[in-house]
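Below: protein.cif (mmCIF, C-alpha atoms)
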data_coords
loop_
_atom_site.label_atom_id
_atom_site.label_comp_id
_atom_site.auth_asym_id
_atom_site.auth_seq_id
_atom_site.Cartn_x
_atom_site.Cartn_y
_atom_site.Cartn_z
CA MET P 105 -4.45 -13.86 -11.69
CA LYS P 106 -5.72 -11.22 -14.12
CA LEU P 107 -5.29 -7.67 -12.86
CA GLY P 108 -6.40 -4.21 -13.92
CA ILE P 109 -4.12 -1.24 -13.22
CA LEU P 110 -5.58 2.04 -11.94
CA PHE P 111 -3.47 3.97 -14.36
CA SER P 112 -2.62 7.67 -14.47
CA GLY P 113 0.40 7.54 -16.77
CA GLY P 114 2.63 8.73 -13.93
CA LYS P 115 5.54 7.02 -12.22
CA ASP P 116 3.67 5.39 -9.33
CA SER P 117 0.94 3.50 -11.19
CA THR P 118 3.43 2.50 -13.90
CA PHE P 119 5.99 1.21 -11.39
CA ALA P 120 3.26 -0.63 -9.44
CA MET P 121 2.26 -2.32 -12.73
CA TYR P 122 5.91 -3.18 -13.38
CA LEU P 123 6.12 -4.94 -9.99
CA ALA P 124 2.87 -6.85 -10.66
CA LYS P 125 4.20 -8.06 -13.99
CA LYS P 126 7.56 -8.96 -12.43
CA GLU P 127 5.74 -11.14 -9.89
CA GLY P 128 4.04 -13.04 -12.69
CA TYR P 129 0.59 -11.47 -12.79
CA LYS P 130 -1.30 -11.00 -16.04
CA ILE P 131 -1.99 -7.32 -16.72
CA SER P 132 -5.33 -7.47 -18.53
CA CYS P 133 -6.19 -3.79 -18.78
CA LEU P 134 -5.44 -0.26 -17.70
CA ILE P 135 -8.22 1.71 -16.01
CA SER P 136 -8.04 5.50 -16.27
CA ILE P 137 -10.33 8.21 -14.99
CA PHE P 138 -10.36 11.47 -16.92
CA SER P 139 -11.34 14.11 -14.37
CA LYS P 140 -12.50 17.59 -15.27
CA ASN P 141 -11.52 18.75 -11.80
CA LYS P 142 -7.88 19.76 -11.83
CA GLU P 143 -7.89 19.79 -8.01
CA SER P 144 -9.12 16.19 -7.68
CA PHE P 145 -7.98 14.42 -4.49
CA MET P 146 -8.29 11.07 -6.23
CA PHE P 147 -7.14 11.41 -9.80
CA HIS P 148 -4.12 12.70 -11.66
CA THR P 149 -5.03 15.30 -14.31
CA PRO P 150 -2.10 16.76 -16.31
CA SER P 151 -1.72 15.09 -19.71
CA ILE P 152 -4.10 12.32 -18.63
CA GLU P 153 -5.31 11.77 -22.21
CA MET P 154 -1.80 10.62 -23.14
CA VAL P 155 -2.49 7.34 -21.31
CA LYS P 156 -4.00 6.31 -24.67
CA GLU P 157 -0.52 6.47 -26.22
CA GLN P 158 1.03 4.64 -23.26
CA SER P 159 -1.61 1.93 -23.59
CA LYS P 160 -0.66 1.51 -27.27
CA VAL P 161 3.07 1.14 -26.62
CA MET P 162 2.41 -1.39 -23.86
CA GLU P 163 -0.16 -3.22 -26.01
CA ILE P 164 -2.50 -3.34 -23.02
CA PRO P 165 -6.14 -2.31 -23.51
CA LEU P 166 -7.41 0.81 -21.79
CA ILE P 167 -10.74 1.50 -20.10
CA VAL P 168 -11.56 5.19 -19.76
CA VAL P 169 -14.35 6.71 -17.70
CA LYS P 170 -14.87 10.46 -17.53
CA THR P 171 -15.82 12.20 -14.29
CA LYS P 172 -16.71 15.73 -13.29
CA GLY P 173 -14.40 15.10 -10.36
CA GLU P 174 -16.79 16.09 -7.59
CA LYS P 175 -15.49 14.83 -4.25
CA GLU P 176 -16.91 11.38 -3.37
CA LYS P 177 -19.15 11.36 -6.51
CA GLU P 178 -16.01 10.66 -8.54
CA LEU P 179 -15.75 7.39 -6.64
CA LYS P 180 -18.97 6.20 -8.28
CA ASP P 181 -17.28 6.77 -11.64
CA LEU P 182 -14.24 4.82 -10.47
CA GLU P 183 -16.53 1.97 -9.42
CA ILE P 184 -18.19 2.02 -12.86
CA ALA P 185 -14.76 1.79 -14.51
CA ILE P 186 -13.68 -1.16 -12.34
CA LYS P 187 -16.99 -2.93 -13.01
CA LYS P 188 -16.37 -2.53 -16.75
CA ALA P 189 -12.92 -4.09 -16.34
CA ILE P 190 -14.36 -7.01 -14.37
CA LYS P 191 -17.01 -7.61 -17.02
CA LYS P 192 -14.84 -7.17 -20.10
CA TYR P 193 -11.47 -8.54 -18.96
CA LYS P 194 -12.49 -10.81 -16.05
CA ILE P 195 -10.00 -9.15 -13.73
CA LYS P 196 -9.79 -10.51 -10.18
CA GLY P 197 -8.02 -7.52 -8.70
CA VAL P 198 -6.78 -3.99 -9.23
CA VAL P 199 -3.35 -2.50 -8.63
CA THR P 200 -2.79 1.06 -7.42
CA GLY P 201 0.33 3.18 -7.07
CA THR P 202 -0.66 4.58 -3.68
CA ILE P 203 2.29 5.13 -1.35
CA GLU P 204 1.04 7.02 1.69
CA SER P 205 -2.42 8.39 0.98
CA VAL P 206 -4.89 6.76 3.34
CA TYR P 207 -7.59 8.90 1.65
CA GLN P 208 -7.01 7.23 -1.74
CA SER P 209 -6.21 3.80 -0.37
CA THR P 210 -9.32 3.61 1.82
CA ARG P 211 -11.61 4.53 -1.02
CA VAL P 212 -10.17 2.04 -3.51
CA GLN P 213 -10.08 -0.72 -0.87
CA LYS P 214 -13.77 -0.16 -0.11
CA ILE P 215 -14.77 -0.33 -3.78
CA CYS P 216 -12.74 -3.54 -4.35
CA ASN P 217 -14.14 -5.15 -1.21
CA LYS P 218 -17.68 -4.30 -2.34
CA LEU P 219 -17.00 -5.78 -5.80
CA ASN P 220 -15.34 -8.85 -4.25
CA ILE P 221 -12.01 -8.42 -5.99
CA GLY P 222 -8.48 -8.02 -4.66
CA CYS P 223 -6.74 -4.70 -4.14
CA PHE P 224 -2.95 -4.55 -4.52
CA ASN P 225 -0.83 -1.60 -3.42
CA PRO P 226 2.77 -2.68 -3.98
CA LEU P 227 4.20 0.78 -3.22
CA TRP P 228 2.35 1.07 0.11
CA GLN P 229 4.56 2.68 2.79
CA LYS P 230 7.58 2.52 0.48
CA ASN P 231 10.37 4.95 1.29
CA GLN P 232 9.98 7.70 -1.30
CA PHE P 233 13.70 8.10 -2.00
CA GLU P 234 13.92 4.34 -2.46
CA LEU P 235 11.13 4.59 -5.04
CA LEU P 236 12.90 7.36 -6.98
CA ASN P 237 16.12 5.35 -7.01
CA ASP P 238 14.24 2.20 -8.08
CA LEU P 239 12.81 4.10 -11.05
CA ILE P 240 16.31 5.02 -12.22
CA LYS P 241 17.70 1.54 -11.51
CA ASN P 242 14.90 -0.04 -13.56
CA LYS P 243 15.34 2.34 -16.50
CA PHE P 244 12.15 4.34 -16.11
CA GLU P 245 12.19 7.63 -18.02
CA VAL P 246 9.91 9.97 -16.10
CA ILE P 247 9.33 13.67 -16.59
CA ILE P 248 7.67 16.28 -14.39
CA SER P 249 4.28 17.30 -15.84
CA GLY P 250 3.02 19.49 -13.02
CA ILE P 251 4.20 21.16 -9.81
CA SER P 252 2.28 22.62 -6.92
CA ALA P 253 4.35 23.40 -3.84
CA GLY P 254 6.78 25.86 -2.32
CA GLY P 255 10.30 25.35 -3.59
CA PHE P 256 9.16 24.46 -7.11
CA ASN P 257 8.64 26.69 -10.15
CA ALA P 258 7.95 26.41 -13.89
CA SER P 259 11.57 25.42 -14.58
CA TRP P 260 10.80 21.95 -13.16
CA LEU P 261 8.33 21.19 -15.96
CA GLY P 262 9.65 18.65 -18.45
CA ARG P 263 12.69 17.73 -16.34
CA ARG P 264 13.57 14.07 -16.15
CA ILE P 265 13.92 12.29 -12.80
CA ASN P 266 17.60 11.46 -12.38
CA LYS P 267 20.24 11.36 -9.64
CA ASN P 268 20.73 15.14 -9.75
CA MET P 269 17.03 15.71 -9.27
CA ILE P 270 16.97 13.30 -6.33
CA ASN P 271 19.72 15.35 -4.67
CA GLU P 272 17.71 18.54 -5.23
CA LEU P 273 14.64 16.83 -3.79
CA LYS P 274 16.66 15.86 -0.71
CA ASN P 275 17.45 19.54 -0.18
CA LEU P 276 13.82 20.55 -0.70
CA ASN P 277 12.75 17.79 1.67
CA ASN P 278 15.11 19.17 4.34
CA LYS P 279 14.04 22.78 3.74
CA TYR P 280 10.28 22.51 3.07
CA ARG P 281 9.46 18.94 4.27
CA ILE P 282 8.11 18.09 0.81
CA ASN P 283 7.33 14.48 -0.05
CA PRO P 284 10.29 13.57 -2.29
CA ALA P 285 8.16 11.31 -4.51
CA PHE P 286 5.39 13.96 -4.51
CA GLU P 287 2.87 11.83 -2.60
CA GLY P 288 1.39 15.04 -1.18
CA GLY P 289 0.59 16.35 -4.67
CA GLU P 290 3.76 18.45 -4.86
CA ALA P 291 4.26 17.38 -8.48
CA GLU P 292 2.80 15.16 -11.18
CA THR P 293 4.80 12.96 -13.51
CA PHE P 294 4.54 11.27 -16.89
CA VAL P 295 6.37 8.11 -17.99
CA THR P 296 7.85 8.34 -21.49
CA ASN P 297 9.68 5.01 -21.40
CA CYS P 298 10.10 1.96 -19.16
CA PRO P 299 10.65 -1.79 -19.52
CA LEU P 300 6.90 -2.28 -20.12
CA PHE P 301 6.93 -0.10 -23.25
CA LYS P 302 7.63 -1.64 -26.67
CA ARG P 303 9.09 1.70 -27.73
CA LYS P 304 9.89 5.09 -26.26
CA LEU P 305 7.27 7.83 -26.44
CA LYS P 306 8.42 11.06 -28.00
CA ILE P 307 7.11 14.43 -26.82
CA VAL P 308 5.91 16.27 -29.93
CA SER P 309 4.47 19.39 -28.32
CA PHE P 310 3.48 20.89 -25.00
CA THR P 311 1.62 23.80 -23.41
CA ASP P 312 2.42 25.18 -19.99
CA PHE P 313 -0.12 26.90 -17.78
CA GLY P 314 -0.03 28.27 -14.24
CA SER P 315 1.77 30.80 -12.08
CA GLU P 316 4.32 31.03 -9.25
CA ASN P 317 4.53 27.65 -7.46
CA SER P 318 1.71 25.97 -9.37
CA TRP P 319 2.26 24.87 -12.96
CA GLY P 320 1.01 22.17 -15.30
CA ARG P 321 2.28 20.95 -18.64
CA GLU P 322 -0.09 19.40 -21.14
CA ILE P 323 2.05 17.27 -23.40
CA LYS P 324 1.37 15.48 -26.64
CA VAL P 325 3.33 12.30 -27.28
CA LYS P 326 3.49 9.79 -30.07
CA MET D 810 17.07 -12.71 15.05
CA ILE D 811 13.48 -11.82 14.28
CA LEU D 812 11.33 -14.19 12.26
CA ILE D 813 8.89 -12.31 10.02
CA ILE D 814 6.04 -14.58 8.97
CA ASN D 815 4.26 -13.90 5.68
CA ILE D 816 0.65 -15.14 5.68
CA CYS D 817 -0.27 -13.85 2.19
CA LYS D 818 -1.18 -16.25 -0.58
CA GLU D 819 -0.62 -13.59 -3.25
CA LYS D 820 3.04 -12.87 -4.03
CA LEU D 821 2.32 -9.23 -4.87
CA HIS D 822 1.12 -8.61 -1.31
CA TYR D 823 4.70 -9.04 -0.08
CA TYR D 824 5.34 -5.39 -0.97
CA GLU D 825 2.31 -4.15 0.92
CA PHE D 826 2.28 -6.25 4.08
CA ILE D 827 5.78 -7.66 4.62
CA LYS D 828 8.15 -5.10 3.14
CA PRO D 829 6.96 -2.21 5.36
CA ILE D 830 7.77 -4.35 8.42
CA LYS D 831 11.12 -5.42 6.91
CA ASP D 832 11.94 -1.74 6.30
CA ILE D 833 11.33 -0.90 9.98
CA LEU D 834 13.68 -3.72 11.02
CA ASP D 835 16.28 -2.61 8.48
CA LYS D 836 16.10 0.94 9.80
CA ASN D 837 16.71 -0.38 13.31
CA ASN D 838 19.62 -2.61 12.19
CA VAL D 839 17.82 -5.74 13.37
CA ASP D 840 18.62 -9.14 11.85
CA PHE D 841 15.62 -10.97 10.47
CA LEU D 842 14.46 -13.90 8.41
CA ILE D 843 11.30 -13.77 6.28
CA LYS D 844 9.38 -17.01 5.79
CA HIS D 845 5.99 -17.98 4.47
CA TYR D 846 3.85 -19.68 7.10
CA LYS D 847 3.65 -22.87 5.03
CA ASN D 848 7.44 -23.22 5.05
CA ILE D 849 8.24 -22.64 8.71
CA LYS D 850 10.41 -25.32 10.26
CA LYS D 851 11.13 -26.10 13.91
CA GLU D 852 14.66 -24.73 13.49
CA ASP D 853 13.24 -21.36 12.36
CA LEU D 854 11.27 -21.09 15.58
CA GLN D 855 14.21 -22.25 17.68
CA LYS D 856 16.67 -19.73 16.27
CA SER D 857 14.24 -16.78 16.45
CA ASP D 858 14.38 -14.38 19.39
CA LYS D 859 11.02 -12.86 18.50
CA ILE D 860 8.37 -13.38 15.86
CA ILE D 861 6.19 -10.95 13.92
CA ILE D 862 3.21 -12.41 12.06
CA CYS D 863 2.28 -9.84 9.40
CA GLY D 864 -1.18 -9.03 8.12
CA THR D 865 -2.71 -9.54 4.72
CA SER D 866 -5.35 -8.04 2.45
CA LEU D 867 -9.13 -8.09 2.74
CA MET D 868 -9.53 -10.88 0.17
CA ASP D 869 -6.41 -12.95 0.86
CA ASN D 870 -7.61 -15.18 3.67
CA GLU D 871 -6.34 -18.61 2.69
CA PHE D 872 -4.40 -18.80 5.97
CA ILE D 873 -7.67 -19.37 7.82
CA LYS D 874 -7.83 -22.85 6.27
CA TYR D 875 -4.36 -23.67 7.56
CA THR D 876 -4.53 -22.69 11.21
CA ASN D 877 -2.91 -26.05 12.03
CA LYS D 878 0.33 -24.51 10.69
CA PHE D 879 0.26 -22.26 13.76
CA ASN D 880 -0.26 -24.89 16.46
CA TRP D 881 3.22 -23.99 17.76
CA ILE D 882 2.00 -20.59 19.06
CA LYS D 883 0.22 -21.94 22.14
CA ASN D 884 3.39 -23.53 23.53
CA PHE D 885 5.80 -20.88 22.28
CA ASN D 886 7.54 -18.94 25.02
CA LYS D 887 9.30 -16.17 23.12
CA PRO D 888 7.71 -12.83 22.20
CA VAL D 889 5.23 -12.84 19.31
CA LEU D 890 3.44 -9.90 17.69
CA GLY D 891 0.47 -10.64 15.42
CA ILE D 892 -0.72 -7.87 13.13
CA CYS D 893 -4.31 -7.96 11.77
CA GLY D 894 -4.50 -11.46 10.19
CA GLY D 895 -1.59 -12.32 12.51
CA MET D 896 -3.74 -11.34 15.50
CA GLU D 897 -6.59 -13.46 14.13
CA ILE D 898 -4.18 -16.40 13.94
CA ILE D 899 -3.17 -15.91 17.58
CA GLY D 900 -6.86 -15.82 18.59
CA LEU D 901 -7.60 -18.98 16.59
CA ALA D 902 -4.60 -20.75 18.16
CA PHE D 903 -6.19 -20.05 21.55
CA CYS D 904 -9.57 -21.37 20.37
CA GLY D 905 -11.14 -17.99 19.60
CA LYS D 906 -13.94 -17.67 17.05
CA LEU D 907 -13.63 -15.63 13.89
CA LYS D 908 -16.38 -13.03 13.46
CA ARG D 909 -17.21 -10.89 10.44
CA LYS D 910 -16.75 -7.12 10.67
CA THR D 911 -15.31 -4.87 7.97
CA GLU D 912 -13.28 -1.84 8.99
CA ILE D 913 -11.26 0.04 6.36
CA GLY D 914 -9.32 3.27 6.85
CA PHE D 915 -8.55 5.52 9.79
CA TYR D 916 -10.39 4.95 13.08
CA GLU D 917 -9.82 6.48 16.49
CA GLU D 918 -9.21 3.80 19.11
CA LYS D 919 -8.83 4.38 22.84
CA PHE D 920 -6.19 2.47 24.79
CA ASN D 921 -7.21 1.75 28.40
CA LYS D 922 -3.66 0.86 29.37
CA GLN D 923 -0.31 1.50 27.79
CA PHE D 924 0.36 -1.04 25.05
CA LEU D 925 3.84 -1.26 23.53
CA GLY D 926 4.17 2.49 24.00
CA LEU D 927 0.69 3.42 22.75
CA LYS D 928 -1.74 5.14 25.09
CA ASN D 929 -4.86 7.30 25.08
CA ILE D 930 -6.60 7.86 21.72
CA GLN D 931 -4.77 6.79 18.57
CA LYS D 932 -5.76 7.22 14.94
CA VAL D 933 -5.07 3.76 13.53
CA TYR D 934 -5.35 2.24 10.06
CA HIS D 935 -7.74 -0.69 9.76
CA LEU D 936 -7.98 -3.17 6.89
CA HIS D 937 -9.92 -6.25 7.88
CA ASN D 938 -13.11 -8.20 7.23
CA TYR D 939 -12.80 -10.33 10.39
CA TYR D 940 -11.92 -10.05 14.06
CA ILE D 941 -11.77 -12.21 17.14
CA ASN D 942 -13.47 -11.34 20.39
CA PHE D 943 -10.69 -11.94 22.91
CA ASN D 944 -13.16 -11.35 25.77
CA ASN D 945 -13.91 -15.05 25.37
CA ILE D 946 -10.25 -16.08 25.66
CA ASN D 947 -9.19 -16.21 29.33
CA GLU D 948 -5.46 -16.21 28.68
CA PHE D 949 -5.53 -12.68 27.21
CA GLY D 950 -5.97 -9.16 28.54
CA ILE D 951 -7.55 -6.49 26.34
CA PHE D 952 -5.78 -3.13 26.14
CA CYS D 953 -7.98 -1.55 23.49
CA SER D 954 -11.38 -2.48 22.09
CA SER D 955 -14.31 -0.97 20.25
CA GLY D 956 -17.47 -2.75 21.34
CA LYS D 957 -16.84 -6.47 20.99
CA ILE D 958 -13.93 -5.92 18.64
CA SER D 959 -10.63 -6.45 20.41
CA GLN D 960 -8.10 -4.07 18.89
CA ALA D 961 -5.00 -4.71 21.04
CA VAL D 962 -4.42 -7.71 23.30
CA LYS D 963 -1.63 -9.36 25.31
CA HIS D 964 -1.31 -12.80 26.80
CA ASN D 965 -1.52 -12.60 30.61
CA GLN D 966 1.67 -14.59 31.22
CA LYS D 967 3.60 -14.52 27.96
CA GLN D 968 4.78 -11.77 25.62
CA ILE D 969 2.26 -12.63 22.94
CA TYR D 970 0.74 -9.46 21.51
CA GLY D 971 -1.95 -8.90 18.92
CA VAL D 972 -3.15 -5.75 17.15
CA LEU D 973 -6.03 -5.68 14.70
CA PHE D 974 -4.88 -2.42 13.11
CA HIS D 975 -1.76 -1.95 10.98
CA PRO D 976 0.90 -0.20 13.12
CA GLU D 977 3.28 -0.06 10.15
CA VAL D 978 1.11 2.76 8.74
CA ARG D 979 0.99 5.34 11.56
CA GLN D 980 2.28 3.62 14.73
CA LYS D 981 5.69 2.34 13.65
CA GLU D 982 6.93 2.92 17.20
CA LEU D 983 4.78 0.00 18.37
CA ILE D 984 6.94 -2.31 16.25
CA THR D 985 10.22 -0.78 17.43
CA ASN D 986 9.00 -1.04 21.04
CA PHE D 987 8.24 -4.72 20.44
CA LEU D 988 11.74 -5.20 19.00
CA ASN D 989 13.28 -3.54 22.06
#
Using structure tokens, write down the structure that the file contains.
Amino acid sequence: MKLGILFSGGKDSTFAMYLAKKEGYKISCLISIFSKNKESFMFHTPSIEMVKEQSKVMEIPLIVVKTKGEKEKELKDLEIAIKKAIKKYKIKGVVTGTIESVYQSTRVQKICNKLNIGCFNPLWQKNQFELLNDLIKNKFEVIISGISAGGFNASWLGRRINKNMINELKNLNNKYRINPAFEGGEAETFVTNCPLFKRKLKIVSFTDFGSENSWGREIKVK
Amino acid sequence: MILIINICKEKLHYYEFIKPIKDILDKNNVDFLIKHYKNIKKEDLQKSDKIIICGTSLMDNEFIKYTNKFNWIKNFNKPVLGICGGMEIIGLAFCGKLKRKTEIGFYEEKFNKQFLGLKNIQKVYHLHNYYINFNNINEFGIFCSSGKISQAVKHNQKQIYGVLFHPEVRQKELITNFLN
């Protein structure tokens, strides 16, 4: 079955794609939404344009649709993007990296059901520490590209997810009840290398913006 | 030993519909065996203490064509829990009729009687295009319904339970109560 990946460039959509490929599915395209709204409930925003570079190193075509990111209206733009993927790449289903968010899951499920294609959520209900450990076990190189929660600060930007970070996240989870894999929007991530990439992406520059417990890092990779 | 039955045609759905149930059993240190419904043998049923028939996705409904694979349910005397598609299978095994109704996302459902630990109003996660009206099946009592849509049912004599919603999302205790 040909699948399209709802792709943000972060750890969840990339790992969901990895599982789809491992199970023998054909990954026909990536589908990314570039949102102007940095507070979007649906779409990842930091460094989103770098999905173009990730698409190149995976040699998988990318469909991009831009949205103003207005709540619910952005779903129309997502539907347009999926329709494009159906038309151009004949996909029969989409894959998401949703873990816990019923808000996101419900909306994507409704669009897929309307368009008569399958919806796959291979990380659904997955234990978030298990996910972080799976990323390390499967040689995913993932950095933090944004933070937005108590317990975090600008020093987290650019850090790579590793065993030490998982231990810190356990402490933060105990202290602040944060979602350790950031499913509540506590942080955003960017994948610089994984088994799907033909080569590692190198960070060539970055700009940080924000204050206190809310920071983003716009990175450039090549 | 608990037999977890996978009704999905698509391999990738294992992670979404079977693994969350497996994780609950793991957490409770319960032994289990996972099998696809097409591969179930008599011995699997004999050695199981209880059975959970998991759900599937909106578009993955091949199991409906193979309801004969579930003929064993009607004469099975050990506890069974059917989730979503699994509940539809139970209804079909007892000669219920499949009706079309799409419900996706959170819905509030009211339980008339306690059902595997659930009572009063519960916010449950729905993901289905079909349902079975168990009002037309004499062997079952309805514990929760919305209009004609039976949401939680139990066989009047046996421990055969069905839920149309997905308890693995927000009502994990229903599954642990079934295990206990």
Residue list as a count of residues only for point (6.0, -9.5, 5.7), cut-off 10 Å, only C-alpha atoms:
26
Enclose all atoms of segment 223-239 of chain P listed in the file in an axis-aligned box, grow every side by 8 Å, and hand back centre and edge lengths in Å to one decimal, as JSON.
{"center_x": 4.7, "center_y": 1.7, "center_z": -4.1, "size_x": 38.9, "size_y": 28.8, "size_z": 29.8}
Which one is closest to Gln960 of chain D: D:Phe987, D:Phe924, D:Phe879, D:Phe872? Count all atoms listed in the file.
D:Phe924
Contact check, chain P to chain D, at most 8 Å, counting only C-alpha atoms, closest pairs as CSV:
residue,atom,partner,partner_atom,distance
P:Leu123,CA,D:Leu821,CA,7.7
P:Ala124,CA,D:Leu821,CA,6.3
P:Glu127,CA,D:Leu821,CA,6.4
P:Val206,CA,D:Gly914,CA,6.6
P:Tyr207,CA,D:Gly914,CA,7.9
P:Ser209,CA,D:Gly914,CA,7.9
P:Thr210,CA,D:Gly914,CA,5.0
P:Gln213,CA,D:Ile913,CA,7.4
P:Lys214,CA,D:Ile913,CA,6.9
P:Asn217,CA,D:Leu867,CA,7.0
P:Asn220,CA,D:Met868,CA,7.6
P:Ile221,CA,D:Met868,CA,7.1
P:Gly222,CA,D:Met868,CA,5.7
P:Cys223,CA,D:Ser866,CA,7.5
P:Phe224,CA,D:His822,CA,6.6
P:Asn225,CA,D:Glu825,CA,5.9
P:Pro226,CA,D:Tyr824,CA,4.8
P:Leu227,CA,D:Tyr824,CA,6.7
P:Trp228,CA,D:Glu825,CA,5.3
P:Gln229,CA,D:Pro829,CA,6.0
P:Lys230,CA,D:Pro829,CA,6.8
Selection above as a file: C-alpha atoms, as a CSV table (one decimal), in the coordinates of the input:
chain,number,residue,atom,x,y,z
P,123,LEU,CA,6.1,-4.9,-10.0
P,124,ALA,CA,2.9,-6.8,-10.7
P,127,GLU,CA,5.7,-11.1,-9.9
P,206,VAL,CA,-4.9,6.8,3.3
P,207,TYR,CA,-7.6,8.9,1.6
P,209,SER,CA,-6.2,3.8,-0.4
P,210,THR,CA,-9.3,3.6,1.8
P,213,GLN,CA,-10.1,-0.7,-0.9
P,214,LYS,CA,-13.8,-0.2,-0.1
P,217,ASN,CA,-14.1,-5.2,-1.2
P,220,ASN,CA,-15.3,-8.8,-4.2
P,221,ILE,CA,-12.0,-8.4,-6.0
P,222,GLY,CA,-8.5,-8.0,-4.7
P,223,CYS,CA,-6.7,-4.7,-4.1
P,224,PHE,CA,-3.0,-4.6,-4.5
P,225,ASN,CA,-0.8,-1.6,-3.4
P,226,PRO,CA,2.8,-2.7,-4.0
P,227,LEU,CA,4.2,0.8,-3.2
P,228,TRP,CA,2.4,1.1,0.1
P,229,GLN,CA,4.6,2.7,2.8
P,230,LYS,CA,7.6,2.5,0.5
Gap from atom CA of Asp835 of chain D to atom CA of Asn271 of chain P - Å, one decimal
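Going from atom CA of Asp835 of chain D over to atom CA of Asn271 of chain P, I get 22.5 Å.
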Reference answer for the PyMOL selection byres ((chain D and resi 951) around 9), as a PyMOL selection string:
chain D and resi 921-922+943-944+949-950+952-954+959-964
Same residues, C-alpha atoms, output as a tab-separated table (two decimals), in the frame of the given file:
chain	number	residue	atom	x	y	z
D	921	ASN	CA	-7.21	1.75	28.40
D	922	LYS	CA	-3.66	0.86	29.37
D	943	PHE	CA	-10.69	-11.94	22.91
D	944	ASN	CA	-13.16	-11.35	25.77
D	949	PHE	CA	-5.53	-12.68	27.21
D	950	GLY	CA	-5.97	-9.16	28.54
D	952	PHE	CA	-5.78	-3.13	26.14
D	953	CYS	CA	-7.98	-1.55	23.49
D	954	SER	CA	-11.38	-2.48	22.09
D	959	SER	CA	-10.63	-6.45	20.41
D	960	GLN	CA	-8.10	-4.07	18.89
D	961	ALA	CA	-5.00	-4.71	21.04
D	962	VAL	CA	-4.42	-7.71	23.30
D	963	LYS	CA	-1.63	-9.36	25.31
D	964	HIS	CA	-1.31	-12.80	26.80
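What the PyMOL selection byres ((chain D and resi 918) around 7) matches in the given file is Tyr916, Glu917, Lys919, Phe920, Ile930, Gln931, Lys932 and Val933 of chain D.
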